[in-house]
Structure formats: C-alpha cells, structure tokens
file data.cif (mmCIF, C-alpha atoms and all ligand atoms)
data_structure
#
loop_
_atom_site.label_atom_id
_atom_site.label_comp_id
_atom_site.auth_asym_id
_atom_site.auth_seq_id
_atom_site.Cartn_x
_atom_site.Cartn_y
_atom_site.Cartn_z
CA MET A 1 -27.47 -16.29 7.39
CA LYS A 2 -24.38 -15.11 5.62
CA ALA A 3 -21.78 -13.87 8.09
CA TYR A 4 -18.06 -13.48 8.58
CA ILE A 5 -16.90 -14.95 11.86
CA ILE A 6 -13.87 -13.71 13.77
CA GLU A 7 -12.63 -16.11 16.43
CA LYS A 8 -11.83 -13.91 19.39
CA ASP A 9 -9.58 -16.45 21.10
CA LYS A 10 -7.35 -16.78 18.03
CA LEU A 11 -7.24 -13.03 17.55
CA LYS A 12 -6.31 -12.55 21.19
CA ASN A 13 -3.60 -15.18 20.85
CA ASN A 14 -2.14 -13.30 17.86
CA ILE A 15 -2.29 -9.98 19.69
CA ASP A 16 -0.41 -11.53 22.62
CA ILE A 17 2.28 -12.89 20.31
CA VAL A 18 2.69 -9.52 18.60
CA LYS A 19 2.92 -7.76 21.97
CA LYS A 20 5.53 -10.19 23.23
CA ARG A 21 7.56 -9.82 20.06
CA ALA A 22 7.40 -6.00 20.16
CA GLY A 23 8.65 -5.99 23.75
CA ASP A 24 8.76 -2.44 25.04
CA LYS A 25 8.26 -0.85 21.61
CA PRO A 26 4.88 0.82 21.25
CA ILE A 27 2.59 -0.77 18.66
CA TYR A 28 0.47 1.14 16.19
CA GLY A 29 -2.51 -1.11 15.52
CA VAL A 30 -3.01 -0.69 11.78
CA ILE A 31 -6.73 -0.85 11.01
CA LYS A 32 -6.85 0.39 7.44
CA ALA A 33 -9.23 -1.08 4.87
CA GLY A 34 -12.02 -1.63 7.37
CA GLY A 35 -9.59 -3.11 9.88
CA TYR A 36 -8.25 -5.56 7.26
CA GLY A 37 -11.81 -6.74 6.84
CA LEU A 38 -12.30 -7.44 10.54
CA GLY A 39 -14.49 -4.34 10.84
CA LEU A 40 -12.92 -0.96 11.66
CA LEU A 41 -14.68 -0.36 14.96
CA GLN A 42 -14.92 -3.95 16.15
CA PHE A 43 -11.25 -4.61 15.47
CA ALA A 44 -10.21 -1.30 17.05
CA ARG A 45 -12.19 -2.13 20.18
CA MET A 46 -10.65 -5.56 20.44
CA LEU A 47 -7.13 -4.15 20.05
CA ARG A 48 -7.83 -1.48 22.61
CA ASP A 49 -9.21 -3.95 25.09
CA GLU A 50 -5.97 -5.89 24.69
CA GLY A 51 -3.88 -2.85 25.48
CA ILE A 52 -2.94 -1.51 22.05
CA ASP A 53 -3.00 2.23 22.54
CA ARG A 54 -2.02 3.73 19.19
CA PHE A 55 -3.88 3.35 15.94
CA ALA A 56 -3.12 3.91 12.28
CA VAL A 57 -5.50 4.22 9.32
CA THR A 58 -5.17 5.35 5.72
CA GLU A 59 -8.33 7.40 5.33
CA PRO A 60 -8.95 10.56 7.34
CA SER A 61 -12.65 9.64 7.36
CA ASP A 62 -11.76 6.47 9.30
CA ALA A 63 -10.16 8.64 11.97
CA ILE A 64 -13.47 10.51 12.24
CA ARG A 65 -15.42 7.24 12.53
CA LEU A 66 -13.12 6.04 15.29
CA ARG A 67 -13.53 9.24 17.27
CA MET A 68 -17.30 9.30 16.77
CA ALA A 69 -17.52 5.76 18.14
CA GLY A 70 -16.37 7.31 21.39
CA PHE A 71 -14.10 4.67 22.84
CA ILE A 72 -10.79 5.81 21.39
CA ASP A 73 -8.98 8.80 22.83
CA GLU A 74 -5.58 7.55 21.78
CA GLU A 75 -3.30 8.55 18.93
CA ILE A 76 -4.62 7.96 15.42
CA LEU A 77 -2.02 8.27 12.68
CA VAL A 78 -3.34 8.82 9.14
CA MET A 79 -0.76 7.06 7.00
CA ARG A 80 -1.25 8.77 3.70
CA SER A 81 -0.40 12.25 2.57
CA VAL A 82 -3.09 14.87 2.93
CA ALA A 83 -4.45 15.41 -0.56
CA THR A 84 -7.40 17.78 -0.19
CA GLU A 85 -8.81 20.38 2.16
CA GLY A 86 -11.42 17.78 3.13
CA ASP A 87 -8.67 15.43 4.29
CA VAL A 88 -7.12 18.14 6.42
CA SER A 89 -10.46 19.18 7.96
CA ASP A 90 -11.15 15.56 8.89
CA ILE A 91 -7.71 15.24 10.47
CA ILE A 92 -8.18 18.44 12.45
CA ASP A 93 -11.71 17.45 13.53
CA ALA A 94 -10.52 14.01 14.60
CA HIS A 95 -7.40 15.33 16.32
CA ALA A 96 -5.51 12.78 14.29
CA ILE A 97 -1.87 12.84 13.29
CA ALA A 98 -1.32 13.82 9.66
CA THR A 99 1.35 12.42 7.38
CA ILE A 100 3.48 14.93 5.51
CA GLY A 101 5.22 13.49 2.49
CA SER A 102 6.01 16.61 0.52
CA TYR A 103 6.46 20.33 0.96
CA ASN A 104 3.07 20.82 -0.71
CA ASP A 105 1.43 18.62 1.92
CA ALA A 106 3.03 20.78 4.58
CA MET A 107 1.82 24.00 2.95
CA LEU A 108 -1.75 22.71 2.71
CA LEU A 109 -1.70 21.51 6.31
CA SER A 110 -0.10 24.66 7.62
CA GLY A 111 -2.51 26.95 5.76
CA LEU A 112 -5.59 25.18 7.04
CA ALA A 113 -4.24 24.87 10.56
CA GLU A 114 -3.81 28.63 10.51
CA LYS A 115 -7.38 29.10 9.25
CA HIS A 116 -8.78 26.84 12.00
CA SER A 117 -6.42 28.35 14.60
CA GLU A 118 -5.21 24.88 15.45
CA ILE A 119 -1.88 23.20 15.97
CA VAL A 120 -1.79 20.03 13.89
CA GLU A 121 0.37 17.08 14.85
CA ALA A 122 2.18 15.36 11.99
CA HIS A 123 4.68 12.66 11.18
CA ILE A 124 7.09 13.06 8.27
CA LYS A 125 7.11 10.25 5.73
CA ILE A 126 10.30 9.24 3.96
CA ASP A 127 10.16 7.29 0.71
CA THR A 128 12.94 4.75 0.93
CA GLY A 129 11.69 2.40 -1.77
CA MET A 130 7.91 2.16 -1.88
CA GLY A 131 7.64 4.93 -4.44
CA ARG A 132 4.59 6.41 -2.75
CA TYR A 133 4.21 9.21 -0.25
CA GLY A 134 7.29 10.74 1.23
CA PHE A 135 10.28 12.98 0.92
CA LEU A 136 13.38 11.40 -0.51
CA PRO A 137 16.11 11.02 2.11
CA GLU A 138 18.16 13.72 0.38
CA GLU A 139 15.38 16.26 0.87
CA THR A 140 16.11 16.95 4.53
CA GLU A 141 16.54 20.66 3.91
CA LYS A 142 12.90 20.88 2.80
CA ILE A 143 11.85 19.01 5.92
CA ALA A 144 13.92 21.31 8.11
CA GLN A 145 12.08 24.27 6.65
CA ILE A 146 8.79 22.88 7.94
CA TYR A 147 10.27 22.82 11.44
CA ARG A 148 11.56 26.36 11.03
CA PHE A 149 8.70 28.15 9.34
CA MET A 150 5.45 26.29 9.94
CA LYS A 151 4.73 26.86 13.57
CA ARG A 152 1.26 25.40 13.41
CA ILE A 153 2.64 22.00 12.52
CA ASN A 154 3.92 19.99 15.45
CA ILE A 155 6.14 17.22 14.10
CA THR A 156 6.27 14.26 16.45
CA GLY A 157 7.41 11.43 14.22
CA LEU A 158 9.41 10.29 11.21
CA TYR A 159 8.71 7.07 9.36
CA THR A 160 9.05 4.96 6.27
CA HIS A 161 7.37 1.84 4.91
CA PHE A 162 9.28 -1.27 3.86
CA SER A 163 8.66 -2.66 0.40
CA CYS A 164 9.93 -6.21 0.91
CA ALA A 165 10.37 -6.95 4.60
CA PHE A 166 8.72 -10.33 3.92
CA ALA A 167 11.42 -11.39 1.48
CA ASN A 168 14.52 -9.25 1.18
CA LYS A 169 16.58 -8.48 4.25
CA LYS A 170 19.23 -6.55 2.35
CA MET A 171 16.78 -4.12 0.75
CA THR A 172 15.00 -3.74 4.09
CA LYS A 173 18.26 -2.93 5.84
CA GLN A 174 19.02 -0.31 3.19
CA GLN A 175 15.60 1.25 3.67
CA LEU A 176 16.06 1.29 7.42
CA ASP A 177 19.52 2.84 7.14
CA ARG A 178 18.19 5.59 4.89
CA LEU A 179 15.50 6.40 7.45
CA LEU A 180 17.95 6.44 10.35
CA GLU A 181 20.39 8.62 8.41
CA THR A 182 17.58 11.05 7.62
CA ALA A 183 16.67 11.17 11.31
CA GLN A 184 20.29 11.89 12.22
CA THR A 185 20.65 14.62 9.58
CA LEU A 186 17.55 16.27 10.99
CA ARG A 187 18.86 16.08 14.54
CA ASN A 188 22.13 17.64 13.39
CA ALA A 189 20.08 20.48 11.91
CA GLY A 190 18.40 21.01 15.28
CA CYS A 191 15.11 19.34 14.32
CA ASN A 192 13.78 16.63 16.63
CA PRO A 193 12.37 13.80 14.49
CA GLY A 194 10.36 12.43 17.42
CA CYS A 195 9.18 8.84 17.19
CA VAL A 196 11.14 7.09 14.41
CA HIS A 197 9.23 4.07 13.12
CA ALA A 198 9.33 1.68 10.19
CA GLY A 199 8.52 -1.93 10.98
CA ASN A 200 5.43 -3.71 9.68
CA SER A 201 4.39 -7.28 10.51
CA SER A 202 7.06 -9.00 8.45
CA PHE A 203 9.76 -6.82 9.97
CA LEU A 204 8.45 -7.55 13.45
CA PHE A 205 9.18 -11.24 12.95
CA ARG A 206 12.23 -11.02 10.72
CA GLY A 207 13.96 -7.72 11.46
CA ASP A 208 15.84 -5.99 14.25
CA LEU A 209 13.63 -3.55 16.12
CA SER A 210 16.36 -2.03 18.24
CA SER A 211 17.07 1.09 16.18
CA THR A 212 13.48 2.30 15.88
CA ASP A 213 10.95 3.56 18.43
CA ALA A 214 7.67 1.86 17.40
CA VAL A 215 6.14 -0.67 15.02
CA ARG A 216 3.01 -0.55 12.85
CA ILE A 217 1.24 -3.88 12.78
CA GLY A 218 -1.74 -5.15 10.80
CA SER A 219 -1.47 -8.55 9.09
CA ALA A 220 0.18 -10.31 12.01
CA PHE A 221 -2.97 -9.79 14.08
CA LEU A 222 -4.86 -11.68 11.38
CA GLY A 223 -2.29 -14.47 11.52
CA ARG A 224 -1.85 -14.16 7.80
CA LEU A 225 1.75 -13.35 6.96
CA PRO A 226 3.31 -13.74 3.54
CA PHE A 227 6.01 -16.14 4.69
CA ARG A 228 6.21 -19.51 6.31
CA ALA A 229 7.80 -18.60 9.62
CA LYS A 230 4.34 -17.99 11.00
CA ALA A 231 4.15 -21.64 11.96
CA ASN A 232 6.98 -21.05 14.40
CA CYS A 233 5.62 -17.83 15.77
CA GLY A 234 2.35 -19.47 16.74
CA LEU A 235 0.15 -17.00 14.85
CA GLN A 236 -3.17 -18.48 13.77
CA PRO A 237 -5.24 -17.41 10.76
CA VAL A 238 -8.30 -15.57 12.00
CA GLY A 239 -11.72 -15.59 10.38
CA TYR A 240 -13.97 -17.66 8.15
CA ALA A 241 -17.21 -17.17 6.28
CA ARG A 242 -20.46 -18.89 7.09
CA CYS A 243 -23.78 -19.35 5.26
CA ASP A 244 -26.61 -21.86 4.86
CA VAL A 245 -27.17 -24.51 2.21
CA ALA A 246 -29.87 -23.19 -0.16
CA GLU A 247 -30.67 -26.34 -2.12
CA VAL A 248 -29.85 -30.03 -2.11
CA ARG A 249 -30.39 -32.23 -5.15
CA TRP A 250 -29.13 -35.21 -7.12
CA LEU A 251 -27.49 -34.72 -10.50
CA ALA A 252 -27.38 -37.63 -12.91
CA GLU A 253 -24.23 -38.89 -14.58
CA GLY A 254 -23.37 -36.52 -17.45
CA GLN A 255 -25.12 -33.46 -15.98
CA THR A 256 -23.01 -30.34 -15.82
CA VAL A 257 -22.45 -27.75 -13.11
CA GLY A 258 -21.96 -24.01 -13.34
CA TYR A 259 -20.82 -21.54 -15.99
CA GLY A 260 -18.86 -22.96 -18.85
CA ALA A 261 -20.24 -26.40 -17.93
CA ALA A 262 -16.74 -26.84 -16.56
CA TYR A 263 -17.74 -29.81 -14.42
CA ARG A 264 -19.55 -32.88 -15.70
CA CYS A 265 -20.74 -35.50 -13.25
CA LYS A 266 -19.02 -38.83 -13.74
CA LYS A 267 -21.61 -40.59 -11.63
CA PRO A 268 -24.87 -39.70 -9.90
CA THR A 269 -23.84 -36.91 -7.56
CA ARG A 270 -25.59 -35.31 -4.62
CA ILE A 271 -24.86 -31.61 -4.55
CA ALA A 272 -25.50 -28.66 -2.28
CA VAL A 273 -26.09 -25.23 -3.76
CA ILE A 274 -24.38 -22.67 -1.57
CA PRO A 275 -25.31 -18.99 -1.83
CA PHE A 276 -21.75 -17.73 -1.56
CA GLY A 277 -19.70 -16.71 -4.59
CA TYR A 278 -16.80 -14.64 -5.76
CA THR A 279 -18.43 -11.28 -5.04
CA ASP A 280 -18.67 -12.50 -1.45
CA GLY A 281 -14.93 -13.15 -1.56
CA PHE A 282 -14.78 -16.90 -2.14
CA GLY A 283 -11.91 -18.09 -4.30
CA VAL A 284 -10.57 -14.65 -5.13
CA ALA A 285 -7.57 -14.39 -2.85
CA ARG A 286 -4.77 -15.05 -5.27
CA VAL A 287 -3.54 -12.03 -7.19
CA ASN A 288 -1.30 -12.56 -10.17
CA ASP A 289 0.92 -9.51 -9.87
CA ILE A 290 3.63 -10.81 -12.09
CA PHE A 291 6.64 -8.56 -12.54
CA ARG A 292 9.68 -10.63 -11.89
CA PHE A 293 10.69 -13.85 -13.53
CA ARG A 294 10.84 -15.61 -10.19
CA ASP A 295 7.17 -14.69 -9.53
CA LYS A 296 6.16 -16.01 -12.94
CA LEU A 297 7.94 -19.21 -12.09
CA ARG A 298 6.29 -19.41 -8.69
CA TYR A 299 2.79 -19.02 -10.14
CA LEU A 300 3.55 -21.45 -12.93
CA LEU A 301 4.74 -24.07 -10.45
CA HIS A 302 1.63 -23.45 -8.38
CA ASP A 303 -0.60 -24.02 -11.42
CA VAL A 304 1.28 -27.13 -12.48
CA LYS A 305 0.95 -28.47 -8.96
CA LEU A 306 -2.81 -27.84 -9.07
CA LEU A 307 -2.98 -29.64 -12.39
CA PHE A 308 -1.31 -32.78 -11.09
CA MET A 309 -2.56 -32.84 -7.56
CA ARG A 310 -6.12 -32.03 -8.63
CA LYS A 311 -6.13 -29.66 -5.72
CA ARG A 312 -9.55 -28.20 -5.39
CA MET A 313 -11.45 -25.76 -3.29
CA TYR A 314 -13.49 -27.16 -0.45
CA VAL A 315 -16.25 -26.02 1.85
CA THR A 316 -17.05 -27.60 5.18
CA ILE A 317 -20.51 -28.93 5.99
CA ARG A 318 -21.27 -30.76 9.23
CA GLY A 319 -17.55 -30.93 9.89
CA ARG A 320 -16.85 -32.70 6.58
CA ARG A 321 -14.95 -31.33 3.62
CA ALA A 322 -17.03 -31.11 0.46
CA PRO A 323 -15.25 -30.38 -2.85
CA VAL A 324 -16.46 -27.41 -4.87
CA LEU A 325 -17.62 -28.45 -8.34
CA GLY A 326 -17.14 -26.31 -11.44
CA HIS A 327 -16.55 -22.58 -11.46
CA ILE A 328 -17.51 -20.45 -8.52
CA GLY A 329 -20.32 -18.11 -9.57
CA MET A 330 -20.93 -14.49 -8.67
CA VAL A 331 -23.12 -15.35 -5.68
CA HIS A 332 -23.18 -19.15 -5.75
CA CYS A 333 -21.05 -22.21 -5.65
CA VAL A 334 -21.87 -25.90 -5.73
CA ALA A 335 -20.34 -28.61 -3.58
CA ASP A 336 -20.33 -32.38 -3.89
CA ILE A 337 -22.07 -33.77 -0.79
CA THR A 338 -22.42 -37.37 -1.93
CA GLY A 339 -21.95 -39.40 1.24
CA ILE A 340 -22.43 -36.43 3.56
CA GLN A 341 -25.56 -36.07 5.67
CA CYS A 342 -26.63 -32.64 4.50
CA GLU A 343 -29.95 -30.82 4.42
CA VAL A 344 -31.17 -27.46 3.19
CA GLY A 345 -30.37 -24.88 5.87
CA ASP A 346 -27.24 -26.64 7.11
CA GLU A 347 -24.37 -24.41 8.01
CA VAL A 348 -21.54 -24.10 5.49
CA VAL A 349 -18.08 -22.93 6.52
CA LEU A 350 -15.87 -21.33 3.86
CA ASP A 351 -12.20 -20.46 4.05
CA VAL A 352 -12.13 -16.79 3.08
CA SER A 353 -9.59 -14.17 4.06
CA PRO A 354 -11.21 -11.25 5.88
CA LEU A 355 -9.48 -8.95 3.39
CA TYR A 356 -11.57 -10.35 0.56
CA ALA A 357 -14.83 -11.04 2.35
CA ASN A 358 -17.33 -8.54 0.96
CA PRO A 359 -17.52 -5.60 3.40
CA LEU A 360 -21.33 -5.82 3.27
CA ILE A 361 -21.21 -9.18 5.05
CA GLU A 362 -21.73 -8.75 8.76
CA ARG A 363 -18.70 -9.36 10.98
CA ILE A 364 -19.44 -11.38 14.08
CA TYR A 365 -16.95 -11.85 16.94
CA GLU A 366 -17.41 -15.17 18.71
C1 LIG B 1 -0.44 -1.53 5.94
C2 LIG B 1 0.65 -0.76 6.53
C3 LIG B 1 1.33 -1.23 7.66
C4 LIG B 1 1.06 -2.58 8.30
O1 LIG B 1 1.60 -3.59 7.50
P1 LIG B 1 1.37 -5.13 7.89
O2 LIG B 1 2.35 -5.84 7.05
O3 LIG B 1 -0.04 -5.45 7.53
O4 LIG B 1 1.61 -5.25 9.32
C5 LIG B 1 2.31 -0.42 8.20
N1 LIG B 1 2.59 0.78 7.65
C6 LIG B 1 1.97 1.26 6.56
C7 LIG B 1 2.36 2.58 6.02
C8 LIG B 1 0.97 0.51 5.97
O5 LIG B 1 0.35 0.98 4.88
#
call {"tool": "encode", "arguments": {"input": "data.cif", "output": "structure tokens", "more": "lines below"}}
Ligand SMILES: *Cc1c(COP(=O)(O)O)cnc(C)c1O
result
Amino acid sequence: MKAYIIEKDKLKNNIDIVKKRAGDKPIYGVIKAGGYGLGLLQFARMLRDEGIDRFAVTEPSDAIRLRMAGFIDEEILVMRSVATEGDVSDIIDAHAIATIGSYNDAMLLSGLAEKHSEIVEAHIKIDTGMGRYGFLPEETEKIAQIYRFMKRINITGLYTHFSCAFANKKMTKQQLDRLLETAQTLRNAGCNPGCVHAGNSSFLFRGDLSSTDAVRIGSAFLGRLPFRAKANCGLQPVGYARCDVAEVRWLAEGQTVGYGAAYRCKKPTRIAVIPFGYTDGFGVARVNDIFRFRDKLRYLLHDVKLLFMRKRMYVTIRGRRAPVLGHIGMVHCVADITGIQCEVGDEVVLDVSPLYANPLIERIYE
C-alpha cells in the first residue's frame, strides 16, 4: 500500500524545539498547503495537542475545514488578502482573521461585514520586500483611515513576511525595521496595531525575536529548513513515503531500463519494479529557480558534483539501500536489488518531502 508516513516522535521533538526557541512568544502554527503536506487536519490536531494555540492558513476554505473538523476553537489567521466575496464569506463563517493588504481589501471586507451584520477581525499586512500582499510602509495614512472609518473591521494585528530570513540578515533587519516603524507611526496616529509579527522558521533560528509579539512557523516543524544550522538545533526531517515492490526480475547484461533507455545493465542485474514515480513526488524536490549568478553557480556546482560523485537516488528495501536505475517514470521507478533479499510485496521506503508527496497519498501518523 502506498502511504506517506509521519513519524510522530520526530514531529513532537521538532515542536518542542520550536516552542523552546520561541520562549514566551506565541506561535502561529502555519498549516498552509495541506499542512505542508502533513495533512491539514492531522497536522493541526498534532500541533494543538502539543499546545500550539494559534493557526495560520492561506486559503479561507482551509479555515472552514478546520472549524468543521470541530476540534479547533482557536485563532485562525488567513494569510492572504481577501480577493472575492466568497473569500470574505468563508472568513466570516469560519470566524477567522482576515488579512488586509490594500484599501480595496478593506472596502470589500467592510462592505460584506456590514451586509452580514458582523464585526470581522483582521490583521494588516505590510509589504516590506516580498512584493505580494500588503500596504507599503509609507501608506500608513490609508491604514489609519480603516481604523477611523470602518467600524466593522476590528484590527488586532500588523505583520510582514521576510523574503530572505534564511540567507540575508541585513535585508531581514531592514524589513523588520520597516514593520516596526510602521507600527510606531500608527501608534502615533492613535491606532493600536495589536500583535506585531514577522518571523518565520528561518528567523526563529537566526533572528532576534525581542521586538515582535509572535512568530509564524511552518517548515521548522517538518525539520526541513533551507540552511545548515538545523543540525545544531536538533530538528529532524519528518516523513517518508512507503509502498510495496510490484515486480522482481533479472535483466541480462545489455538490457536497458526506463524511458530514454538511460540505463544499460553492465552485468546481469536483479531489479525491483517499484510503483512510485514522479507524480507521487519522488525525485522532484529540486527547483531550479535561477535568478542570481550565485544561484546559477550553486546549481552548476551541484550538477558537477553529481557527475563526478555518481551520486544517485536510492530507495530502501529491507533496511538496505538500493540504487535507482535510469529515469524515474510517472508512476514507477526501478531499483537495483542484486545482492539484496527482496521479494514482490516487500516494503519500499522512499525519501520524499511531504511538500511534494502527492496529496492523494494517504498520510499516516505512526
Ligand atoms: C509560509 C509562511 C510562513 C511560515 O514560513 P516557514 O518558513 O515555513 O516557517 C509564515 N508567514 C507567511 C506569510 C507564510 O506564507
């Protein structure tokens, strides 16, 4: 059976580390994108059981799902601007906290709140460098007008999102300063910004939390941070995929494997056919988003290293690493099991990030 396994003990360990690191700052458990692939409801329940009592999603419909599940009464922040009436209705129905990133957002929210005779809670988003959602820091007068004129909007927070907390401390500091200055300008204008928050996982481990009131954490729970320091923090990568060997056979010397006949057996080779491919999320994790020269260089070095080290993908069968042969197919891959005791039906373990594991694959907490 194909499944995605989440090791509860590792997840709990990561949650404990995050909690310790956050100290007395409240933590928004970010569970966007199906809880980073750990399953929206399952992950939310786990976080809640471990004492996380604020949640953040991107889609208003996720806020509805969380409320319908019945075990979450706590704050749910929807971290993108309201775009449509449907979004606003969902937020109102779910008693979630909206994000306002423009005066138009505020107008839409205010109008519908009026129509539903509701007071809607909202946080104001400031764009300090992400280029998505948010007032610019110099637009405080527009924000102040929401406080003054839109009585059905109850603003309880002000936040921004860091663009490079994993790499660039200077840029991050600038972003933070711009947020804090905006908060101060608002206070001076008699508007209470409420909970001022900015930090994501990278900032939690690399930044100074003292000037903000809360953090929003996702990746750290998964133990998958984009920098090396994780080794020191004790975070452990959570999750792996599992399926069963579908076929075992011998291939003769010279026989080829997979599309493009990219692999040719150099000797008689015993192989296992594994019904798990790239649409399941195997071997797809690396994204070549090349903008800067230094990224080009990084990817190039990575490829050169692969070339010389003949670094391959592996799967694990009966506790032994079996190299993947040829290209990974849409729903299949093939592993070399020469010298491994392996039968049809044996369990295969694959290293797949939960983010890329196909959402249709069942998530199992063990
Ligand atoms: C995803 C996200 C986070 C969490 O970031 P991590 O690095 O995964 O902890 C925080 N805030 C916003 C707005 C996000 O979109």
call {"tool": "closest_residue", "arguments": {"input": "data.cif", "among": "A:Tyr356, A:Phe166, A:Tyr259, A:Tyr103", "to": "ligand LIG 1 (chain B)", "atoms": "only C-alpha atoms and all ligand atoms"}}
result
A:Phe166
call {"tool": "axis_aligned_box", "arguments": {"input": "data.cif", "around": "ligand LIG 1 (chain B)", "padding_each_side": "8 Å", "output": "AutoDock Vina command-line options"}}
result
--center_x 1.1 --center_y -1.6 --center_z 7.1 --size_x 19.0 --size_y 24.4 --size_z 20.4
call {"tool": "residues_near_ligand", "arguments": {"input": "data.cif", "ligand": "ligand LIG 1 (chain B)", "cutoff": "6 Å", "atoms": "all atoms listed in the file", "output": "list in words"}}
result
Val30, Met79, His161, Asn200, Ser201, Ser202, Arg216, Ile217, Gly218, Ser219 and Ala220 of chain A
call {"tool": "residues_around", "arguments": {"input": "data.cif", "residues": "Asp9 of chain A", "least_positions_apart": "5", "cutoff": "12 Å", "atoms": "all atoms listed in the file", "output": "list in words"}}
result
Asn14, Ile15, Asp16, Met46, Glu50, Phe221, Leu222, Leu235, Gln236, Pro237, Val238, Gly239, Tyr365 and Glu366 of chain A
call {"tool": "write_last_selection", "arguments": {"input": "data.cif", "atoms": "C-alpha atoms", "output": "tab-separated table (two decimals), keeping the file's coordinate frame"}}
result
chain	number	residue	atom	x	y	z
A	14	ASN	CA	-2.14	-13.30	17.86
A	15	ILE	CA	-2.29	-9.98	19.69
A	16	ASP	CA	-0.41	-11.53	22.62
A	46	MET	CA	-10.65	-5.56	20.44
A	50	GLU	CA	-5.97	-5.89	24.69
A	221	PHE	CA	-2.97	-9.79	14.08
A	222	LEU	CA	-4.86	-11.68	11.38
A	235	LEU	CA	0.15	-17.00	14.85
A	236	GLN	CA	-3.17	-18.48	13.77
A	237	PRO	CA	-5.24	-17.41	10.76
A	238	VAL	CA	-8.30	-15.57	12.00
A	239	GLY	CA	-11.72	-15.59	10.38
A	365	TYR	CA	-16.95	-11.85	16.94
A	366	GLU	CA	-17.41	-15.17	18.71
call {"tool": "residues_around", "arguments": {"input": "data.cif", "residues": "segment 132-142 of chain A", "least_positions_apart": "3", "cutoff": "6 Å", "atoms": "all atoms listed in the file", "output": "ChimeraX atom specification"}}
result
/A:101-102,125-127,145,182
call {"tool": "residues_around", "arguments": {"input": "data.cif", "residues": "Leu66 of chain A", "least_positions_apart": "4", "cutoff": "10 Å", "atoms": "all atoms listed in the file", "output": "ChimeraX atom specification"}}
result
/A:40-41,44-45,55,57,61-62,70-73,76,94
call {"tool": "residues_around", "arguments": {"input": "data.cif", "residues": "Ser210 of chain A", "least_positions_apart": "6", "cutoff": "12 Å", "atoms": "all atoms listed in the file", "output": "list of chain:residue names"}}
result
A:Arg21, A:Ala22, A:Gly23, A:Asp24, A:Lys25, A:Leu176, A:Leu180, A:Val196, A:His197, A:Ala198, A:Gly199, A:Phe203, A:Leu204
call {"tool": "closest_residue", "arguments": {"input": "data.cif", "among": "A:Arg148, A:Leu301, A:Ile27, A:Thr338", "to": "Leu209 of chain A", "atoms": "all atoms listed in the file"}}
result
A:Ile27
call {"tool": "residues_around", "arguments": {"input": "data.cif", "residues": "Leu350 of chain A", "least_positions_apart": "4", "cutoff": "6 Å", "atoms": "all atoms listed in the file", "output": "PDB file with C-alpha atoms, in the coordinates of the input"}}
result
ATOM      1  CA  TYR A 240     -13.970 -17.660   8.150  1.00  0.00           C
ATOM      2  CA  ALA A 241     -17.210 -17.170   6.280  1.00  0.00           C
ATOM      3  CA  VAL A 315     -16.250 -26.020   1.850  1.00  0.00           C
TER       4      VAL A 315
END
call {"tool": "closest_residue", "arguments": {"input": "data.cif", "among": "A:Pro275, A:Arg270, A:Val304, A:Gly223", "to": "Ala322 of chain A", "atoms": "only C-alpha atoms"}}
result
A:Arg270
call {"tool": "atom_distance", "arguments": {"input": "data.cif", "atom1": "atom CA of Asp53 of chain A", "atom2": "atom CA of Leu11 of chain A"}}
result
16.6 Å
call {"tool": "atom_distance", "arguments": {"input": "data.cif", "atom1": "atom CA of Val18 of chain A", "atom2": "atom CA of Arg54 of chain A"}}
result
14.1 Å
call {"tool": "atom_distance", "arguments": {"input": "data.cif", "atom1": "atom CA of Leu108 of chain A", "atom2": "atom CA of Glu85 of chain A"}}
result
7.5 Å
call {"tool": "closest_residue", "arguments": {"input": "data.cif", "among": "A:Ile155, A:Ile17, A:Val248, A:Ala214", "to": "Gly234 of chain A", "atoms": "all atoms listed in the file"}}
result
A:Ile17
call {"tool": "closest_residue", "arguments": {"input": "data.cif", "among": "A:Ile340, A:Val348, A:Leu38, A:Val215", "to": "Ile274 of chain A", "atoms": "all atoms listed in the file"}}
result
A:Val348
call {"tool": "closest_residue", "arguments": {"input": "data.cif", "among": "A:Cys333, A:Val82, A:Leu251, A:Ala122", "to": "Gly194 of chain A", "atoms": "all atoms listed in the file"}}
result
A:Ala122
call {"tool": "residues_near_point", "arguments": {"input": "data.cif", "point": "(-27.8, -23.4, 9.5)", "cutoff": "8 Å", "atoms": "only C-alpha atoms", "output": "number ranges by chain"}}
result
A: 1, 243-245, 345-348
